[in-house]
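Undergrad: Provided herewith is a single structure, encoded as structure tokens, for subsequent inquiry.
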Amino acid sequence: MSDALVAYVNNRFVPLEEATVHIEDRGFQFADGVYEVVACFGGTFLDLAPHLDRLQRSLDAVAIAMPCPRPELEALLQQAYARNPFQDAMVYIQVTRGRAARAHLLHEEIAPTLVITVRQLPQPSDAKLAQGAVGITLRDIRWKRCDIKSIALLASVMGKLEAKRAGADEAFWTDAHGHLLEGCATNILAVIDGVLVTHPLDHQVLGGITRHMALQIAAELGIAVEARPWRLDEPGLSECMLTSTTNAVLPVCRLDGRPIGDGRPGAVTLRLRARMVERLRQLSERGRHG
Ligand SMILES: Cc1ncc(COP(=O)(O)O)c(C=O)c1O
């Protein structure tokens, strides 16, 4: 399958199998780079502007230049989508500081490396949707700038391994006070006394684009929303859900071996998911026929 795939690297599109970066690329040596993942439905990118705004913020935070003007990047993303065989895709953008002899501090100007790859957008299975995801909580071991979408994902990989060992789908990080922060690659929200609650945006969480969409949809549906630290043992907690570009909204029905609420996907979660999935379906349909 990957034979047919095309990636963008070193300023050109090449078959994925031939797409390589140099061993002295700072992404490889130092994880000196940032990334984005954008969903594309039938040729229409979902929330492209907020994704590229976040890419710009991540780049600014680590002082890496945007590799090309934004309209050019948007055109490259369209081309990358068009050159790959997926109706609904996840498009991965990675920017590193570039290639240089290995030294923490650089003394010369180098050009950033831009990589774009495209894969099928995964769909949660029907069983997962019906039963909900299973999670564990772990004390956060990550750095203190989780608002930057850094390619340094070792802690997230460790968290995912730990989740797998426990038979869970995702590990959710907690702070020293037991507040739920976010998952390894997802945000987490809860319904507490009917209010949709999620950790406020700060250095401990990534400002998820899907999190934002879920909060917006909740407001449209008349569901109260509150961004505040929250704990699993709060009375009145009836539902949990995760959000991400690749999952949209997904119920989380068990955490640390215990059921959330009655252990089944909750009504608020299902309403949010239904509204979001409907929007995504419309985008995909528009792309197909438009
Ligand atoms: C740590 C972390 N939090 C949250 C998210 C969800 O962000 P988004 O909804 O923009 O995909 C991701 C996505 O990769 C992530 O890695």
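Residue numbers start at 1 in each chain; chains themselves are named A, B, ... in the order of the structure tokens; ligands are numbered from 1 in the order shown.
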Report as a PyMOL selection string all protein, DNA and RNA residues lying within 12 Å of range 150-161 of chain A, evaluated on only C-alpha atoms, omitting residues in the same chain fewer than 2 positions from it.

TA: chain A and resi 26-37+54-55+57-62+64+92-97+135-148+163-174+182-186+206

Undergrad: Quick one: pick out all helix (DSSP H, G or I) residues within range 52-269 of chain A from a backbone DSSP run and write them as an MDAnalysis selection string.

TA: chainID A and resid 52:61 70:82 126:131 154:165 209:220 267:269

Undergrad: Go through A:Pro229, A:Pro112, A:Pro50, A:Pro71 and flag the residue nearest ligand 1, using only C-alpha atoms and all ligand atoms for the distances.

TA: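 With only C-alpha atoms and all ligand atoms as the atom set, the closest residue is A:Pro50.
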
Undergrad: I'd like the neighbourhood of Val14 in chain A as a PyMOL selection string, where a residue qualifies if any of its atoms comes within 12 Å (using only C-alpha atoms), though same-chain residues fewer than 4 positions away should be ignored.

TA: chain A and resi 3-10+18-20+80+83-84+115-117

Undergrad: Generate a file of the selected residues that holds C-alpha atoms, formatted as a tab-separated table (two decimals), in the first residue's frame.

TA:
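File written: selection35.tsv
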chain	number	residue	atom	x	y	z
A	3	ASP	CA	4.16	1.89	-2.60
A	4	ALA	CA	1.48	4.17	-3.95
A	5	LEU	CA	2.03	6.91	-1.38
A	6	VAL	CA	3.78	10.17	-2.05
A	7	ALA	CA	5.51	12.43	0.47
A	8	TYR	CA	6.91	15.94	0.27
A	9	VAL	CA	10.48	16.29	1.49
A	10	ASN	CA	13.53	18.36	0.48
A	18	GLU	CA	12.38	7.29	-1.20
A	19	ALA	CA	11.47	10.10	1.21
A	20	THR	CA	14.41	10.60	3.56
A	80	ALA	CA	-0.04	16.23	-1.08
A	83	ARG	CA	-1.26	12.85	-4.95
A	84	ASN	CA	-2.37	10.24	-2.41
A	115	VAL	CA	7.99	17.14	5.46
A	116	ILE	CA	4.39	16.40	4.47
A	117	THR	CA	2.92	12.90	4.54

Undergrad: Taking 2 positions as the minimum chain separation for residues in the same chain, which residues sit within 10 Å of Ala100 in chain A when counting only C-alpha atoms? Answer as a short mmCIF file (atom, residue, chain, number, x, y, z; two decimals) with N, CA and C atoms, in the first residue's frame.

TA:
data_model
loop_
_atom_site.label_atom_id
_atom_site.label_comp_id
_atom_site.auth_asym_id
_atom_site.auth_seq_id
_atom_site.Cartn_x
_atom_site.Cartn_y
_atom_site.Cartn_z
N HIS A 22 18.37 13.80 6.07
CA HIS A 22 19.77 13.52 6.43
C HIS A 22 19.89 13.17 7.92
N ILE A 23 20.89 12.32 8.26
CA ILE A 23 21.05 11.96 9.68
C ILE A 23 21.45 13.16 10.53
N GLU A 24 21.95 14.21 9.90
CA GLU A 24 22.28 15.39 10.71
C GLU A 24 21.13 16.40 10.73
N ASP A 25 19.97 15.98 10.27
CA ASP A 25 18.81 16.86 10.45
C ASP A 25 18.57 17.00 11.94
N ARG A 26 18.29 18.23 12.37
CA ARG A 26 18.15 18.47 13.82
C ARG A 26 16.88 17.82 14.39
N GLN A 29 18.46 14.55 15.39
CA GLN A 29 19.48 14.67 16.44
C GLN A 29 18.94 15.20 17.77
N ARG A 97 14.34 22.36 12.44
CA ARG A 97 15.20 23.54 12.24
C ARG A 97 16.09 23.38 11.02
N GLY A 98 16.29 22.15 10.58
CA GLY A 98 17.09 21.94 9.38
C GLY A 98 18.30 21.08 9.65
N ARG A 102 26.24 18.45 14.21
CA ARG A 102 25.58 18.35 15.51
C ARG A 102 26.22 19.25 16.56
N ALA A 103 25.46 20.25 16.99
CA ALA A 103 25.86 21.11 18.10
C ALA A 103 24.58 21.75 18.60
N LEU A 106 23.53 26.76 17.13
CA LEU A 106 23.93 26.91 15.73
C LEU A 106 24.59 28.26 15.53
N HIS A 107 25.61 28.31 14.67
CA HIS A 107 26.24 29.60 14.39
C HIS A 107 25.96 30.07 12.97
N GLU A 108 25.34 29.20 12.18
CA GLU A 108 25.02 29.63 10.82
C GLU A 108 23.50 29.58 10.61
N GLU A 109 23.06 30.28 9.57
CA GLU A 109 21.65 30.23 9.17
C GLU A 109 21.42 28.94 8.38
N ILE A 110 20.39 28.19 8.74
CA ILE A 110 20.07 27.01 7.93
C ILE A 110 18.60 27.05 7.55
N ALA A 111 18.28 26.36 6.48
CA ALA A 111 16.89 26.34 6.01
C ALA A 111 16.13 25.26 6.77
#

Undergrad: So that I can see what lies close to range 265-270 of chain A, please list as a count of residues only the residues with an atom at most 7 Å from it, counting only C-alpha atoms and leaving out residues fewer than 6 positions away in the same chain.

TA: 6
